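Take a look at the structure below.
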Amino acid sequence: VDMRFGSGSQLVNIAPRHVWMPHSKCMVAFTGLEGDVQSLSKHLEILVDRKRKYGLGFLQQQEARISPHAMTSLLSQVLFSRRSSPYFVEPIVAGFTSTSTSSSSSTTTTSKDNINEDSHDDDDEVVEEDGDADDEVPILCTQDVIGAKSYSKSFVCAGVASKSLYGTAEAMWKPNLSAEELIHVCGRAFLSALERDCLSGYGARLYLMTRRDGIEEIEISARTD
């Protein structure tokens with residue numbers, strides 16, 4: 001995420017865009033109108049806490065946590081429910097999920113899932129149990145303002161400079177990058193894209209998510225004009 005927060009060509013503040021991290025293997029990044037970003041983020045936090053409290057879609061265990069697949073479904077439902085007066089936000093969901101999550105989702109949901117909830121959302125809201133980190137696979141999903149989901153196995157981009165980011169990322173990304181190589185590629189892609197867009201810049205913040213070490217934040221310096 002870049003550090004420039006502005007209204008068109010006017011600079012308002014220098015701060016990274018909001019990124020919500022429910023736990024160490026799932027995070028949601030937002031780009032769009034700041035008021036809608038704050039409202040949508042708070043809405044999601046309340047929904048997740050409420051479902052955890054009443055056991056809707058969560059196993060009754062101490063470290064219950066929502067899976068990235070469940071987060072994408074919940075986020076899509078929230079955005080689509082506001083389609084007549086939408087949140088002007090383009091979110092990105094990233095995380096790690098167990099390879100057995102999708103196959104066991106029908107057996108891990110509770111009987112309360114069918115009470116006052118949409119069936120397609122409840123079937124997806126499951127909890128990832130702590131297991132072997134090697135069995136987890138990455139999830140990348142971006143959505144538009146009405147919740148249409150787009151999954152990718154490589155990379156996704158959103159925001160003002162997304163066109164420039166897609167171009168540089170396609171040129172630099174390759175499968176099976178190490179953590180150090182991924183930081184280098186993302187940093188170069190960000191700096192290259194920010195140089196091509198006058199409405200972005202003032203540095204960037206990278207979030208590196210690994211299976212065993214969780215989420216690490218890395219600051220990148222860029223032009224400040």
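Labels used: A, B, ... for chains in the order of the structure tokens, numbers from 1 for residues in each chain, and numbers from 1 for ligands as shown.
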
Long-range neighbours of range 178-188 of chain A as number ranges by chain, 12 Å cut-off, only C-alpha atoms, 6 positions minimum in chain: A: 1-2, 154-157, 164-172, 194-195, 203-213, 215-222

Which neighbours of Ala148 in chain A fall inside 9 Å, counting only C-alpha atoms, when residues of the same chain fewer than 2 positions from it are skipped, and could you give them as a ChimeraX atom specification? /A:76,79-80,142-146,150

I need the residues from that last selection saved to file as a CSV table (one decimal), in the first residue's frame (with C-alpha atoms), if you can.
chain,number,residue,atom,x,y,z
A,76,SER,CA,-18.8,-10.2,-1.2
A,79,LEU,CA,-20.8,-5.4,-0.8
A,80,PHE,CA,-23.6,-6.9,-2.9
A,142,THR,CA,-10.0,-8.9,-5.4
A,143,GLN,CA,-13.5,-7.6,-5.6
A,144,ASP,CA,-15.3,-4.7,-7.1
A,145,VAL,CA,-17.8,-2.3,-5.5
A,146,ILE,CA,-20.7,-4.8,-5.7
A,150,SER,CA,-11.8,-12.4,-9.0

Which residue of A:Met27, A:Ile66, A:Val19, A:Leu75 approaches Gly95 in chain A most closely, using only C-alpha atoms: A:Met27

Mind listing the strand (DSSP E) residues of range 167-211 of chain A, per DSSP on the backbone, as a tab-separated table (two decimals) with all heavy atoms, in the first residue's frame?
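That gives us out_11.tsv:
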chain	number	residue	atom	x	y	z
A	204	ALA	N	5.85	3.56	0.44
A	204	ALA	CA	4.90	2.44	0.46
A	204	ALA	C	5.22	1.54	1.64
A	204	ALA	O	6.31	1.60	2.21
A	204	ALA	CB	4.96	1.66	-0.86
A	205	ARG	N	4.25	0.72	1.99
A	205	ARG	CA	4.44	-0.26	3.06
A	205	ARG	C	4.09	-1.64	2.52
A	205	ARG	O	2.98	-1.85	1.99
A	205	ARG	CB	3.56	0.06	4.27
A	205	ARG	CG	3.64	-0.97	5.40
A	205	ARG	CD	2.84	-0.54	6.61
A	205	ARG	NE	3.40	0.68	7.19
A	205	ARG	CZ	2.82	1.32	8.20
A	205	ARG	NH1	1.67	0.90	8.70
A	205	ARG	NH2	3.40	2.41	8.70
A	206	LEU	N	5.03	-2.56	2.62
A	206	LEU	CA	4.81	-3.94	2.19
A	206	LEU	C	4.42	-4.80	3.39
A	206	LEU	O	4.96	-4.63	4.48
A	206	LEU	CB	6.06	-4.51	1.55
A	206	LEU	CG	6.58	-3.86	0.26
A	206	LEU	CD1	7.79	-4.62	-0.25
A	206	LEU	CD2	5.51	-3.79	-0.79
A	207	TYR	N	3.51	-5.72	3.15
A	207	TYR	CA	3.12	-6.71	4.16
A	207	TYR	C	3.51	-8.08	3.64
A	207	TYR	O	2.96	-8.55	2.64
A	207	TYR	CB	1.61	-6.66	4.42
A	207	TYR	CG	1.14	-5.38	5.06
A	207	TYR	CD1	0.81	-4.27	4.28
A	207	TYR	CD2	1.03	-5.26	6.44
A	207	TYR	CE1	0.38	-3.08	4.85
A	207	TYR	CE2	0.60	-4.08	7.03
A	207	TYR	CZ	0.27	-3.00	6.23
A	207	TYR	OH	-0.16	-1.83	6.80
A	208	LEU	N	4.48	-8.71	4.30
A	208	LEU	CA	4.95	-10.04	3.91
A	208	LEU	C	4.30	-11.07	4.82
A	208	LEU	O	4.51	-11.06	6.04
A	208	LEU	CB	6.47	-10.13	4.01
A	208	LEU	CG	7.07	-11.50	3.70
A	208	LEU	CD1	6.83	-11.90	2.24
A	208	LEU	CD2	8.57	-11.52	4.01
A	209	MET	N	3.49	-11.95	4.24
A	209	MET	CA	2.82	-13.00	4.99
A	209	MET	C	3.45	-14.35	4.66
A	209	MET	O	3.53	-14.73	3.49
A	209	MET	CB	1.32	-13.03	4.66
A	209	MET	CG	0.54	-14.10	5.44
A	209	MET	SD	-1.18	-14.25	4.88
A	209	MET	CE	-1.81	-12.62	5.25
A	210	THR	N	3.92	-15.06	5.68
A	210	THR	CA	4.50	-16.38	5.50
A	210	THR	C	3.72	-17.39	6.32
A	210	THR	O	3.03	-17.04	7.28
A	210	THR	CB	5.98	-16.41	5.92
A	210	THR	OG1	6.09	-15.98	7.29
A	210	THR	CG2	6.80	-15.46	5.04

Fewer than 4 positions away in the same chain doesn't count, so skip those; otherwise give me all residues within 6 Å of Leu140 in chain A, counting only C-alpha atoms, as a list in words.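 My list of contacting residues is Val93, Ala94, Tyr151 and Ser152 of chain A.
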
Using only C-alpha atoms, determine which residues lie at most 7 Å from Leu33 in chain A, disregarding the query and same-chain residues fewer than 3 positions distant; provide the list as a count of residues only. 4

Please run DSSP on the backbone and report, as a short mmCIF file (atom, residue, chain, number, x, y, z; two decimals) with C-alpha atoms, in the first residue's frame, all residues within range 129-223 of chain A that come out as helix (DSSP H, G or I).
data_model
loop_
_atom_site.label_atom_id
_atom_site.label_comp_id
_atom_site.auth_asym_id
_atom_site.auth_seq_id
_atom_site.Cartn_x
_atom_site.Cartn_y
_atom_site.Cartn_z
CA ALA A 133 1.89 -25.16 7.67
CA ASP A 134 3.16 -27.04 4.60
CA ASP A 135 -0.45 -28.09 3.85
CA SER A 162 -3.34 -0.45 -10.57
CA LYS A 163 -2.74 -0.32 -14.35
CA SER A 164 0.92 0.54 -13.84
CA LEU A 165 1.20 -2.08 -11.09
CA TYR A 166 -0.20 -4.81 -13.32
CA GLY A 167 2.29 -3.99 -16.06
CA THR A 168 5.35 -4.00 -13.83
CA ALA A 169 4.18 -7.02 -11.83
CA GLU A 170 3.66 -9.09 -14.97
CA ALA A 171 7.19 -8.31 -16.07
CA MET A 172 8.85 -9.17 -12.74
CA ALA A 179 10.47 -14.32 0.74
CA GLU A 180 13.50 -12.15 -0.09
CA GLU A 181 12.84 -12.34 -3.84
CA LEU A 182 9.17 -11.49 -3.31
CA ILE A 183 10.06 -8.40 -1.26
CA HIS A 184 12.49 -7.30 -3.99
CA VAL A 185 9.94 -7.84 -6.79
CA CYS A 186 7.10 -6.09 -4.94
CA GLY A 187 9.36 -3.19 -4.01
CA ARG A 188 10.55 -2.68 -7.58
CA ALA A 189 7.00 -3.03 -8.96
CA PHE A 190 5.68 -0.46 -6.48
CA LEU A 191 8.45 2.06 -7.09
CA SER A 192 8.13 1.69 -10.86
CA ALA A 193 4.34 2.13 -10.74
CA LEU A 194 4.48 5.08 -8.34
CA GLU A 195 6.89 6.90 -10.65
#

Hey, can you check how far CA of Ser84 in chain A sits from CA of Lys42 in chain A?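 Value for the CA of Ser84 in chain A-CA of Lys42 in chain A distance: 19.9 Å.
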
Give me the residues within 9 Å of Val28 in chain A as a PyMOL selection string, counting only C-alpha atoms and dropping any in the same chain fewer than 2 places off. chain A and resi 18-22+26+30+41+71+91-95

Counting only C-alpha atoms, which of A:Ser24, A:Ser39, A:Ser67, A:Thr31 gets nearest to Thr97 in chain A?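 Closest to Thr97 in chain A, using only C-alpha atoms: A:Ser67.
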
Nearest candidate to Val78 in chain A (options A:Thr99, A:Tyr54, A:Asp49, A:Gly147; using only C-alpha atoms):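 Checking each candidate against Val78 in chain A, we get A:Gly147 as the closest.
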
Using CA of Ile139 in chain A and CA of Pro68 in chain A as the two end points, give the distance in Å to one decimal.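 Here the two named atoms are 6.9 Å from each other.
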